[in-house]
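Undergrad: Just so it is clear, I am handing over work_14.txt, which has compact mmCIF, C-alpha atoms.
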```txt
# COMPACT_ATOMS: atom_id res chain seq x y z
CA MET L 1 -154.72 -173.94 -10.52
CA ASN L 2 -153.02 -177.30 -11.07
CA THR L 3 -153.55 -179.55 -8.09
CA PHE L 4 -153.78 -183.28 -7.58
CA LEU L 5 -157.16 -182.93 -5.88
CA SER L 6 -160.10 -183.07 -8.31
CA LYS L 7 -161.59 -179.74 -9.42
CA LYS L 8 -164.93 -180.89 -8.01
CA ASP L 9 -165.11 -182.26 -4.47
CA PRO L 10 -165.68 -186.03 -4.20
CA LEU L 11 -169.29 -187.21 -4.14
CA LYS L 12 -170.67 -188.08 -0.71
CA THR L 13 -173.45 -190.30 -2.11
CA TYR L 14 -174.33 -191.95 -5.40
CA THR L 15 -176.56 -190.06 -7.81
CA THR L 16 -177.40 -193.29 -9.66
CA ASP L 17 -180.14 -195.15 -7.80
CA THR L 18 -179.62 -198.94 -7.83
CA ARG L 19 -180.00 -201.60 -5.18
CA SER L 20 -176.36 -202.66 -5.61
CA LEU L 21 -174.96 -199.18 -5.02
CA LYS L 22 -177.17 -198.75 -1.94
CA LEU L 23 -175.80 -202.03 -0.58
CA ILE L 24 -172.20 -201.01 -1.29
CA ALA L 25 -172.76 -197.69 0.51
CA ASP L 26 -174.49 -199.42 3.43
CA ILE L 27 -171.65 -201.90 3.98
CA ALA L 28 -169.01 -199.17 3.65
CA ASP L 29 -170.85 -196.91 6.11
CA HIS L 30 -171.07 -199.71 8.67
CA LEU L 31 -167.47 -200.95 8.41
CA PRO L 32 -166.44 -199.70 11.88
CA LYS L 33 -169.24 -201.70 13.53
CA LEU L 34 -168.73 -204.74 11.30
CA LEU L 35 -165.02 -204.77 12.12
CA LEU L 36 -165.67 -204.28 15.82
CA THR L 37 -168.05 -207.26 15.92
CA GLY L 38 -166.06 -209.45 13.53
CA GLN L 39 -168.88 -209.54 10.98
CA VAL L 40 -167.11 -208.33 7.83
CA GLN L 41 -166.14 -211.78 6.52
CA LYS L 42 -169.61 -213.22 7.19
CA THR L 43 -171.32 -210.23 5.53
CA ILE L 44 -169.26 -210.55 2.33
CA LYS L 45 -169.42 -214.35 2.15
CA ASN L 46 -173.23 -214.21 2.38
CA LEU L 47 -173.54 -211.96 -0.69
CA LYS L 48 -174.74 -213.30 -4.02
CA SER L 49 -172.13 -213.12 -6.78
CA ASN L 50 -173.83 -210.15 -8.52
CA ALA L 51 -175.04 -208.31 -5.39
CA LEU L 52 -172.53 -205.46 -5.72
CA SER L 53 -172.81 -204.79 -9.45
CA VAL L 54 -171.26 -201.53 -10.64
CA ASN L 55 -172.15 -201.92 -14.32
CA SER L 56 -174.60 -198.99 -14.28
CA ILE L 57 -172.00 -196.39 -13.27
CA ILE L 58 -169.14 -197.82 -15.33
CA LYS L 59 -171.25 -197.48 -18.45
CA ASP L 60 -173.14 -194.22 -17.88
CA GLY L 61 -172.21 -192.73 -14.51
CA ASP L 62 -170.34 -189.63 -13.40
CA ILE L 63 -166.63 -190.47 -13.04
CA ARG L 64 -166.97 -189.29 -9.44
CA GLU L 65 -169.44 -192.13 -8.85
CA VAL L 66 -166.86 -194.58 -10.17
CA LYS L 67 -164.27 -193.11 -7.78
CA LEU L 68 -166.73 -193.29 -4.87
CA ALA L 69 -167.48 -196.94 -5.62
CA MET L 70 -163.75 -197.65 -5.98
CA ALA L 71 -163.12 -196.11 -2.56
CA HIS L 72 -166.05 -198.01 -0.99
CA LEU L 73 -165.03 -201.39 -2.44
CA SER L 74 -161.35 -200.78 -1.61
CA PHE L 75 -162.20 -200.15 2.04
CA ILE L 76 -164.62 -203.10 2.19
CA SER L 77 -162.10 -205.44 0.52
CA HIS L 78 -159.25 -204.43 2.83
CA ALA L 79 -161.54 -204.79 5.85
CA TYR L 80 -162.31 -208.31 4.60
CA ILE L 81 -158.66 -209.20 3.94
CA TRP L 82 -157.12 -207.70 7.08
CA GLY L 83 -160.00 -207.51 9.57
CA GLY L 84 -159.73 -211.01 11.04
CA LYS L 85 -157.15 -212.77 13.19
CA ASN L 86 -155.32 -213.89 10.06
CA PRO L 87 -155.37 -212.34 6.57
CA GLU L 88 -157.77 -213.80 4.03
CA LYS L 89 -156.10 -215.37 1.00
CA ILE L 90 -159.14 -215.48 -1.29
CA LEU L 91 -161.40 -212.49 -2.02
CA PRO L 92 -164.96 -213.70 -2.86
CA GLU L 93 -166.22 -213.05 -6.39
CA ALA L 94 -169.08 -210.87 -5.11
CA ILE L 95 -166.56 -208.17 -4.26
CA ALA L 96 -163.56 -209.15 -6.42
CA LYS L 97 -165.46 -208.84 -9.72
CA PRO L 98 -166.83 -205.28 -9.29
CA TRP L 99 -163.56 -204.12 -7.70
CA VAL L 100 -161.52 -205.29 -10.69
CA LYS L 101 -164.03 -203.64 -13.09
CA LEU L 102 -163.72 -200.30 -11.32
CA ALA L 103 -159.93 -200.55 -11.18
CA THR L 104 -159.80 -201.26 -14.91
CA LYS L 105 -162.00 -198.23 -15.60
CA LEU L 106 -159.73 -196.00 -13.50
CA GLU L 107 -156.53 -197.56 -14.89
CA ARG L 108 -155.27 -198.46 -11.43
CA PRO L 109 -154.69 -201.83 -9.72
CA PRO L 110 -157.52 -203.35 -7.63
CA ILE L 111 -156.02 -202.48 -4.25
CA LEU L 112 -156.56 -199.65 -1.77
CA SER L 113 -154.27 -196.92 -3.07
CA TYR L 114 -153.68 -193.30 -2.11
CA GLY L 115 -156.25 -192.14 -4.66
CA SER L 116 -159.11 -193.94 -2.90
CA TYR L 117 -157.75 -193.57 0.63
CA CYS L 118 -157.09 -189.84 0.43
CA LEU L 119 -157.78 -187.98 -2.83
CA ASP L 120 -161.34 -189.30 -3.31
CA ASN L 121 -162.27 -189.82 0.34
CA TRP L 122 -163.12 -186.45 1.90
CA TYR L 123 -165.78 -183.76 2.13
CA ARG L 124 -166.06 -180.22 3.42
CA VAL L 125 -167.98 -179.94 6.68
CA ASP L 126 -169.13 -176.51 5.48
CA SER L 127 -169.40 -176.63 1.69
CA LYS L 128 -168.93 -172.86 1.44
CA GLU L 129 -165.65 -172.77 3.38
CA ASP L 130 -162.13 -173.52 2.10
CA ILE L 131 -160.35 -176.83 2.56
CA SER L 132 -158.60 -176.84 5.94
CA LEU L 133 -158.04 -179.08 8.95
CA GLN L 134 -161.04 -177.33 10.51
CA ASN L 135 -163.30 -178.13 7.55
CA VAL L 136 -162.46 -181.59 6.17
CA GLY L 137 -163.93 -184.94 7.19
CA LEU L 138 -163.57 -188.48 5.82
CA LEU L 139 -166.24 -190.22 3.77
CA THR L 140 -165.20 -193.79 4.63
CA ASN L 141 -163.29 -195.27 7.57
CA PHE L 142 -162.13 -198.63 8.80
CA LEU L 143 -162.53 -198.37 12.58
CA GLY L 144 -163.18 -194.63 12.62
CA GLY L 145 -162.21 -192.18 15.32
CA VAL L 146 -160.20 -188.98 15.60
CA ASP L 147 -156.78 -190.56 14.93
CA GLU L 148 -157.77 -192.30 11.69
CA ASP L 149 -159.58 -189.23 10.37
CA TRP L 150 -156.74 -186.86 11.28
CA PHE L 151 -154.11 -189.07 9.64
CA VAL L 152 -155.94 -188.90 6.31
CA THR L 153 -157.26 -185.32 6.48
CA ILE L 154 -153.70 -184.10 7.11
CA HIS L 155 -152.84 -185.61 3.73
CA VAL L 156 -155.90 -184.05 2.06
CA CYS L 157 -154.88 -180.62 3.35
CA ILE L 158 -151.27 -181.18 2.25
CA GLU L 159 -152.51 -181.94 -1.27
CA ASN L 160 -154.54 -178.75 -1.23
CA ALA L 161 -151.72 -176.57 0.15
CA ALA L 162 -149.28 -178.03 -2.39
CA GLY L 163 -151.49 -176.84 -5.25
CA LYS L 164 -149.69 -173.50 -5.45
CA ALA L 165 -146.31 -175.25 -5.61
CA VAL L 166 -147.53 -177.59 -8.34
CA ASN L 167 -148.93 -174.65 -10.28
CA ALA L 168 -145.70 -172.64 -9.95
CA ALA L 169 -143.55 -175.67 -10.82
CA THR L 170 -145.63 -176.22 -13.95
CA LYS L 171 -144.99 -172.64 -15.09
CA LEU L 172 -141.32 -172.91 -14.13
CA SER L 173 -140.92 -176.00 -16.33
CA TYR L 174 -141.83 -174.01 -19.45
CA LEU L 175 -139.15 -171.35 -18.93
CA ASN L 176 -135.94 -171.22 -20.99
CA GLU L 177 -132.99 -168.93 -21.81
CA ASP L 178 -135.32 -166.27 -23.20
CA ASN L 179 -136.96 -165.67 -19.83
CA SER L 180 -135.77 -163.11 -17.31
CA ILE L 181 -134.38 -163.81 -13.87
CA ASN L 182 -137.56 -162.37 -12.43
CA ASP L 183 -139.66 -164.88 -14.41
CA TYR L 184 -137.83 -167.69 -12.64
CA LEU L 185 -137.74 -165.94 -9.30
CA VAL L 186 -141.48 -165.44 -8.96
CA HIS L 187 -142.21 -169.15 -9.47
CA LEU L 188 -139.42 -170.30 -7.15
CA LYS L 189 -140.73 -167.99 -4.42
CA ASP L 190 -144.25 -169.38 -4.89
CA ILE L 191 -142.94 -172.93 -4.53
CA VAL L 192 -141.13 -172.04 -1.30
CA ALA L 193 -144.20 -170.32 0.19
CA SER L 194 -146.48 -173.23 -0.72
CA LEU L 195 -144.12 -175.86 0.70
CA LYS L 196 -143.73 -173.91 3.95
CA GLU L 197 -147.51 -174.24 4.35
CA VAL L 198 -147.30 -177.95 3.48
CA ASN L 199 -144.67 -178.53 6.17
CA LYS L 200 -146.68 -176.53 8.68
CA ILE L 201 -149.68 -178.80 8.10
CA PHE L 202 -147.58 -181.98 8.12
CA SER L 203 -145.96 -181.01 11.43
CA ARG L 204 -149.41 -181.07 13.05
CA MET L 205 -149.79 -184.83 12.61
CA PRO L 206 -149.09 -185.64 16.31
CA GLU L 207 -151.83 -183.26 17.53
CA LYS L 208 -154.67 -185.73 16.94
CA CYS L 209 -153.05 -188.90 15.62
CA ASP L 210 -151.48 -190.94 18.41
CA PRO L 211 -148.61 -193.25 17.35
CA TYR L 212 -150.02 -196.25 19.25
CA ILE L 213 -153.48 -195.84 17.71
CA TYR L 214 -152.00 -195.35 14.24
CA TYR L 215 -149.81 -198.44 14.43
CA HIS L 216 -152.38 -200.79 15.94
CA ARG L 217 -155.70 -199.43 14.66
CA VAL L 218 -155.03 -197.57 11.38
CA ARG L 219 -151.97 -199.09 9.71
CA PRO L 220 -152.98 -202.80 9.69
CA PHE L 221 -155.75 -202.20 7.13
CA ILE L 222 -153.71 -200.40 4.46
CA PHE L 223 -151.14 -203.07 3.63
CA GLY L 224 -150.96 -204.62 0.18
CA THR L 225 -150.14 -208.12 -1.00
CA LYS L 226 -146.72 -207.56 -2.60
CA ASP L 227 -143.61 -208.12 -0.46
CA ASN L 228 -145.93 -208.83 2.45
CA PRO L 229 -144.74 -211.64 4.75
CA ASP L 230 -148.34 -212.29 5.83
CA LEU L 231 -149.46 -213.00 2.26
CA LYS L 232 -146.41 -214.63 0.71
CA LYS L 233 -148.50 -216.36 -1.95
CA GLY L 234 -150.49 -213.24 -2.83
CA LEU L 235 -154.26 -212.76 -2.98
CA ILE L 236 -156.67 -214.68 -5.20
CA TYR L 237 -159.45 -212.53 -6.66
CA GLU L 238 -162.09 -215.22 -7.11
CA GLY L 239 -163.17 -215.53 -10.73
CA GLN L 240 -160.64 -212.88 -11.86
CA PHE L 241 -157.13 -213.14 -13.34
CA ASN L 242 -157.79 -216.86 -14.04
CA ASN L 243 -157.80 -217.33 -10.26
CA LYS L 244 -154.04 -216.77 -10.17
CA PRO L 245 -152.73 -214.98 -7.04
CA GLN L 246 -152.05 -211.27 -7.50
CA PHE L 247 -149.42 -209.10 -5.85
CA PHE L 248 -150.07 -205.37 -5.43
CA ARG L 249 -148.44 -202.68 -3.28
CA GLY L 250 -150.32 -201.28 -0.31
CA GLU L 251 -151.45 -197.70 0.26
CA THR L 252 -148.59 -195.30 0.95
CA GLY L 253 -147.84 -191.60 0.76
CA ALA L 254 -145.27 -192.49 -1.91
CA GLN L 255 -148.29 -192.74 -4.23
CA SER L 256 -148.88 -189.00 -3.86
CA SER L 257 -147.81 -187.15 -7.02
CA ILE L 258 -146.57 -183.99 -5.27
CA MET L 259 -142.92 -184.86 -4.64
CA PRO L 260 -142.28 -186.73 -7.91
CA PHE L 261 -143.75 -183.76 -9.78
CA LEU L 262 -141.59 -181.23 -7.92
CA ASP L 263 -138.52 -183.46 -8.35
CA GLY L 264 -139.19 -183.44 -12.10
CA ALA L 265 -139.70 -179.69 -12.36
CA LEU L 266 -136.68 -178.82 -10.21
CA GLY L 267 -134.35 -181.46 -11.66
CA ILE L 268 -133.94 -183.43 -8.42
CA TYR L 269 -132.52 -186.80 -9.38
CA HIS L 270 -132.65 -190.03 -7.36
CA THR L 271 -129.95 -192.63 -8.01
CA LYS L 272 -130.97 -195.84 -9.71
CA ASP L 273 -131.23 -198.76 -7.32
CA HIS L 274 -134.04 -201.03 -6.10
CA LEU L 275 -135.59 -198.09 -4.21
CA ARG L 276 -135.62 -196.00 -7.37
CA HIS L 277 -137.41 -198.86 -9.12
CA TYR L 278 -139.97 -198.87 -6.31
CA LEU L 279 -140.49 -195.11 -6.66
CA ASN L 280 -141.25 -195.54 -10.37
CA GLU L 281 -143.54 -198.48 -9.61
CA MET L 282 -145.64 -196.23 -7.38
CA ARG L 283 -146.76 -194.33 -10.47
CA ASP L 284 -148.80 -197.36 -11.54
CA TYR L 285 -151.02 -196.68 -8.52
CA MET L 286 -151.56 -193.00 -9.30
CA PRO L 287 -154.48 -191.71 -11.36
CA PRO L 288 -153.33 -191.83 -15.02
CA GLU L 289 -153.69 -188.07 -15.47
CA HIS L 290 -151.29 -187.50 -12.57
CA ARG L 291 -148.84 -189.99 -14.03
CA LYS L 292 -148.88 -188.06 -17.30
CA MET L 293 -148.31 -184.72 -15.54
CA ILE L 294 -145.16 -186.11 -13.91
CA GLU L 295 -143.85 -187.64 -17.13
CA ASP L 296 -144.53 -184.42 -19.04
CA VAL L 297 -142.77 -182.16 -16.54
CA GLU L 298 -139.77 -184.51 -16.38
CA GLY L 299 -139.46 -184.44 -20.16
CA ARG L 300 -139.96 -180.70 -20.44
CA SER L 301 -138.18 -178.94 -17.60
CA ASN L 302 -134.68 -177.56 -18.04
CA ALA L 303 -135.15 -175.03 -15.25
CA LYS L 304 -132.18 -176.19 -13.18
CA LYS L 305 -129.77 -175.64 -16.10
CA TYR L 306 -130.74 -171.96 -16.36
CA ILE L 307 -131.07 -171.41 -12.61
CA GLN L 308 -127.44 -172.49 -12.09
CA GLN L 309 -126.32 -169.46 -14.12
CA SER L 310 -127.63 -166.88 -11.62
CA LYS L 311 -126.61 -166.44 -7.99
CA ARG L 312 -129.97 -164.82 -7.22
CA LEU L 313 -131.81 -167.83 -8.54
CA VAL L 314 -129.50 -170.37 -6.89
CA GLY L 315 -130.37 -169.01 -3.44
CA GLU L 316 -134.12 -169.31 -4.07
CA TYR L 317 -133.72 -172.70 -5.72
CA ASN L 318 -131.88 -174.01 -2.67
CA LYS L 319 -134.73 -172.72 -0.48
CA CYS L 320 -137.10 -174.90 -2.52
CA LEU L 321 -134.90 -177.93 -1.99
CA GLU L 322 -134.60 -177.14 1.71
CA GLU L 323 -138.39 -177.23 2.11
CA ILE L 324 -138.52 -180.55 0.24
CA ARG L 325 -135.70 -181.85 2.45
CA LYS L 326 -137.61 -180.74 5.55
CA PHE L 327 -140.72 -182.57 4.33
CA ARG L 328 -138.74 -185.75 3.76
CA ALA L 329 -136.96 -185.38 7.11
CA LEU L 330 -140.31 -184.95 8.88
CA HIS L 331 -141.63 -188.03 7.11
CA LEU L 332 -138.59 -189.98 8.34
CA GLU L 333 -139.10 -188.68 11.89
CA PHE L 334 -142.76 -189.75 11.88
CA ALA L 335 -141.85 -193.18 10.46
CA ALA L 336 -139.55 -193.69 13.44
CA THR L 337 -142.15 -192.52 15.97
CA TYR L 338 -145.28 -194.03 14.45
CA ILE L 339 -143.86 -197.33 13.17
CA HIS L 340 -140.38 -198.28 14.39
CA GLN L 341 -140.92 -197.42 18.06
CA GLN L 342 -144.45 -198.82 18.11
CA SER L 343 -143.26 -202.14 16.69
CA GLN L 344 -141.76 -202.86 20.11
CA ILE L 345 -145.19 -202.79 21.78
CA LYS L 346 -147.43 -205.89 21.94
CA ASN L 347 -150.50 -205.64 19.75
CA PRO L 348 -153.85 -206.61 21.29
CA PHE L 349 -155.87 -206.14 18.07
CA GLY L 350 -155.07 -206.85 14.46
CA ARG L 351 -151.51 -206.41 13.19
CA GLY L 352 -149.31 -203.39 12.87
CA GLY L 353 -147.82 -205.35 10.01
CA SER L 354 -144.19 -205.92 9.18
CA THR L 355 -141.76 -203.79 11.16
CA ILE L 356 -139.20 -204.00 8.35
CA THR L 357 -141.35 -202.94 5.44
CA GLY L 358 -143.71 -200.02 5.03
CA THR L 359 -147.32 -200.40 3.94
CA GLY L 360 -146.14 -200.19 0.33
CA GLY L 361 -143.70 -203.08 0.89
CA THR L 362 -140.43 -201.15 1.26
CA PRO L 363 -137.63 -201.02 3.82
CA PHE L 364 -139.12 -197.64 4.70
CA MET L 365 -136.43 -196.15 6.96
CA LYS L 366 -133.74 -196.72 4.34
CA TYR L 367 -136.05 -195.46 1.61
CA LEU L 368 -136.92 -192.20 3.42
CA LYS L 369 -133.32 -191.48 4.47
CA LYS L 370 -132.15 -191.95 0.88
CA HIS L 371 -134.53 -189.38 -0.56
CA ARG L 372 -133.95 -186.87 2.22
CA ASP L 373 -130.16 -187.10 1.76
CA GLU L 374 -130.28 -186.98 -2.04
CA THR L 375 -132.39 -183.82 -1.87
CA GLN L 376 -129.82 -182.19 0.40
CA LYS L 377 -126.90 -183.18 -1.85
CA GLN L 378 -128.46 -181.63 -4.95
CA LYS L 379 -128.55 -178.10 -3.67
CA ILE L 380 -126.47 -175.93 -5.99
```
Mind turning this structure into structure tokens?

TA:
Amino acid sequence: MNTFLSKKDPLKTYTTDTRSLKLIADIADHLPKLLLTGQVQKTIKNLKSNALSVNSIIKDGDIREVKLAMAHLSFISHAYIWGGKNPEKILPEAIAKPWVKLATKLERPPILSYGSYCLDNWYRVDSKEDISLQNVGLLTNFLGGVDEDWFVTIHVCIENAAGKAVNAATKLSYLNEDNSINDYLVHLKDIVASLKEVNKIFSRMPEKCDPYIYYHRVRPFIFGTKDNPDLKKGLIYEGQFNNKPQFFRGETGAQSSIMPFLDGALGIYHTKDHLRHYLNEMRDYMPPEHRKMIEDVEGRSNAKKYIQQSKRLVGEYNKCLEEIRKFRALHLEFAATYIHQQSQIKNPFGRGGSTITGTGGTPFMKYLKKHRDETQKQKI
């Protein structure tokens, strides 16, 4: 089945045995305590420039080891940047150098993105059981706790539940005028059923993720350096990029490939404006194989053209769009509850970040409303 989760579960520990990898794992595992005691900056600044070498796994390691190291160093770097009273403007070479190497290997920017925060950052509590909210935990945390884990594991389970929709949309994109109505119908029905499960999981976010905790304890660590008022001059990766400041988007659900893929398969079009440009920019933060899947389905699918010719198909097609609209509406509702309303409350620890822009650097309320409304308008 096509899904944006890897076929093999992420690694929990490194299989390559080096002192550097042990140190990376040790720092990542202790992040909650280091953040609590304000020791992250001191710990990183005390490292020798080659202490966190990842050369062994980049050259010979399992790609899952590279992804594990990328997740570890992304969390450590963001804890360093955002874990103090004010954001750090220079990332020490000891962590900047290996982080950039891993990012280059994975063809993604050196920033905490959805791939490392969600897709490569989970494990099954019982390895024999299916992925579910009762059986998924996080590998790496910032502060830790129920709310932070739940926020991310909800996304992991959404990715898993959306697998059937992605699979059906892939098959749908290959259909043409030679296929029967039933050929189209079976895939449309599968997309609807899968997205109903996705929305059911998404709706459970408030059960164990409190808006106050999210805004003040989870969100501050996942911001990027682009369009961020707290880092107007960007971030210097010491010894990298000729020591010129870099600007990268922060982690955001817009980096998930699910909705862009379904938009492509179903012919849902978003008008060209600065928000559309942002949506396309998010693809740079996706794993390259996901990027290619989206580009391929966009170039291949003519499903909507043939669906429009049958009343039976139009009804099922509109059900697909309604589930996508519901997902986007729920996202908008949560943005209001978890960000906009919380921005009015004084913050005793860290920063909830900009109240105007999302963690990816967008005017998020406008962005989410736009995509919800455009989905609704494109029903046949």

Undergrad: Using all atoms listed in the file, can you tell me which of L:Lys292, L:Arg219, L:Arg124, L:Lys89 comes closest to Tyr237 in chain L?

TA: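 Using all atoms listed in the file, Tyr237 in chain L sits closest to L:Lys89.
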
Undergrad: Would you mind telling me which residue in L:Leu275, L:Val156, L:Leu195, L:Leu35 lies nearest to Ser6 in chain L when using all atoms listed in the file?

TA: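 The answer is L:Val156, which sits nearest to Ser6 in chain L.
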
Undergrad: Record the distance separating CA of Ser53 in chain L and CA of Phe75 in chain L, expressed in Å with one decimal.

TA: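 Interatomic distance here is 16.3 Å.
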
Undergrad: Which residues of range 101-209 of chain L come within 10 Å of range 249-257 of chain L, and for each one, what is the closest pair of atoms and their distance in Å to one decimal, counting all atoms listed in the file, sorted by chain and residue number, as a Markdown table?

TA:
```
| residue | atom | partner | partner_atom | distance |
| --- | --- | --- | --- | --- |
| L:Pro109 | CA | L:Arg249 | CA | 9.0 |
| L:Ile111 | CA | L:Gly250 | CA | 7.0 |
| L:Leu112 | CA | L:Glu251 | CA | 5.8 |
| L:Ser113 | CA | L:Glu251 | CA | 4.4 |
| L:Tyr114 | CA | L:Glu251 | CA | 5.5 |
| L:Gly115 | CA | L:Gln255 | CA | 8.0 |
| L:Ser116 | CA | L:Glu251 | CA | 9.1 |
| L:Tyr117 | CA | L:Glu251 | CA | 7.5 |
| L:Cys118 | CA | L:Ser256 | CA | 9.3 |
| L:Leu119 | CA | L:Ser256 | CA | 9.0 |
| L:His155 | CA | L:Gly253 | CA | 8.3 |
| L:Glu159 | CA | L:Ser256 | CA | 8.4 |
| L:Val166 | CA | L:Ser257 | CA | 9.7 |
```

Undergrad: Using all atoms listed in the file, which of the listed residues (L:Val125, L:Val192, L:Cys209, L:Met293) sits closest to Arg325 in chain L?

TA: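 Once distances to Arg325 in chain L are computed over all atoms listed in the file, the minimum belongs to L:Val192.
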
Undergrad: What does the distance from CA of Leu321 in chain L to CA of Cys157 in chain L come to in Å, to one decimal?

TA: 20.9 Å

Undergrad: Residues near Lys200 in chain L, anyone? I mean within 12 Å using all atoms listed in the file, not counting same-chain ones fewer than 3 positions away, as a list in words.

TA: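 So, after excluding close chain neighbours, the residues are Leu133, Ile154, Cys157, Ile158, Ala161, Ala162, Ala193, Ser194, Leu195, Lys196, Glu197, Ser203, Arg204, Met205, Glu323, Lys326, Phe327 and Leu330 of chain L.
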
Undergrad: In terms of the shortest atom-to-atom distance over all atoms listed in the file, which of L:Leu68, L:Ile57, L:Val297, L:Ile81 is closest to Ala169 in chain L?

TA: L:Val297

Undergrad: Within 7 Å of range 134-137 of chain L, counting only C-alpha atoms, which residues qualify if same-chain residues fewer than 6 places away don't, as a PDB file with C-alpha atoms, keeping the file's coordinate frame?

TA:
```pdb
ATOM      1  CA  TRP L 122    -163.120-186.450   1.900  1.00  0.00           C
ATOM      2  CA  TYR L 123    -165.780-183.760   2.130  1.00  0.00           C
ATOM      3  CA  ARG L 124    -166.060-180.220   3.420  1.00  0.00           C
ATOM      4  CA  VAL L 125    -167.980-179.940   6.680  1.00  0.00           C
ATOM      5  CA  ASP L 126    -169.130-176.510   5.480  1.00  0.00           C
ATOM      6  CA  ASP L 149    -159.580-189.230  10.370  1.00  0.00           C
ATOM      7  CA  THR L 153    -157.260-185.320   6.480  1.00  0.00           C
TER       8      THR L 153
END
```

Undergrad: Hey, what's within 10 Å of Arg64 in chain L if we count all atoms listed in the file and toss same-chain stuff fewer than 4 positions away? As a list in words, please?

TA: Ser6, Lys8, Asp9, Pro10, Leu11, Lys12, Thr13, Tyr14, Thr15, Ile57, Leu68, Ala69, Met70 and Asp120 of chain L

Undergrad: Tell me, as a list in words, which residues lie within 9 Å of Gly234 in chain L, counting only C-alpha atoms; anything in the same chain fewer than 5 positions away does not count.

TA: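 After dropping sequence-adjacent residues, the list is Lys89, Thr225, Lys226, Asp227, Asn228, Lys244, Pro245, Gln246, Phe247 and Phe248 of chain L.
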
Undergrad: Please report as CSV every residue of range 140-217 of chain L lying within 8 Å of range 30-34 of chain L, along with the nearest atom pair and their distance in Å (one decimal), using only C-alpha atoms.

TA:
```
residue,atom,partner,partner_atom,distance
L:Asn141,CA,L:Pro32,CA,6.9
L:Phe142,CA,L:Pro32,CA,5.4
L:Leu143,CA,L:Pro32,CA,4.2
L:Gly144,CA,L:Pro32,CA,6.1
```

Undergrad: May I ask for the distance between CA of Thr170 in chain L and CA of Asn121 in chain L, given in Å to one decimal place?

TA: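 We find that CA of Thr170 in chain L and CA of Asn121 in chain L lie 25.8 Å from each other.
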
Undergrad: What lies within 7 Å of range 40-50 of chain L using only C-alpha atoms, ignoring chain neighbours under 2 positions off, as a list of chain:residue names?

TA: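 That gives L:Leu34, L:Leu35, L:Gly38, L:Leu52, L:Ser53, L:Ala79, L:Tyr80, L:Pro92, L:Glu93, L:Ala94.
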
Undergrad: Compare L:Gln240, L:Asn318, L:Ser343, L:Ser310 by their minimum atom-to-atom distance to Leu266 in chain L, counting only C-alpha atoms, and give me the closest one.

TA: L:Asn318

Undergrad: Hey, which of L:Ile345, L:Leu5, L:Ala168, L:Ala335 ends up closest to Lys369 in chain L? Count all atoms listed in the file.

TA: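 For Lys369 in chain L, the nearest of the given residues is L:Ala335.
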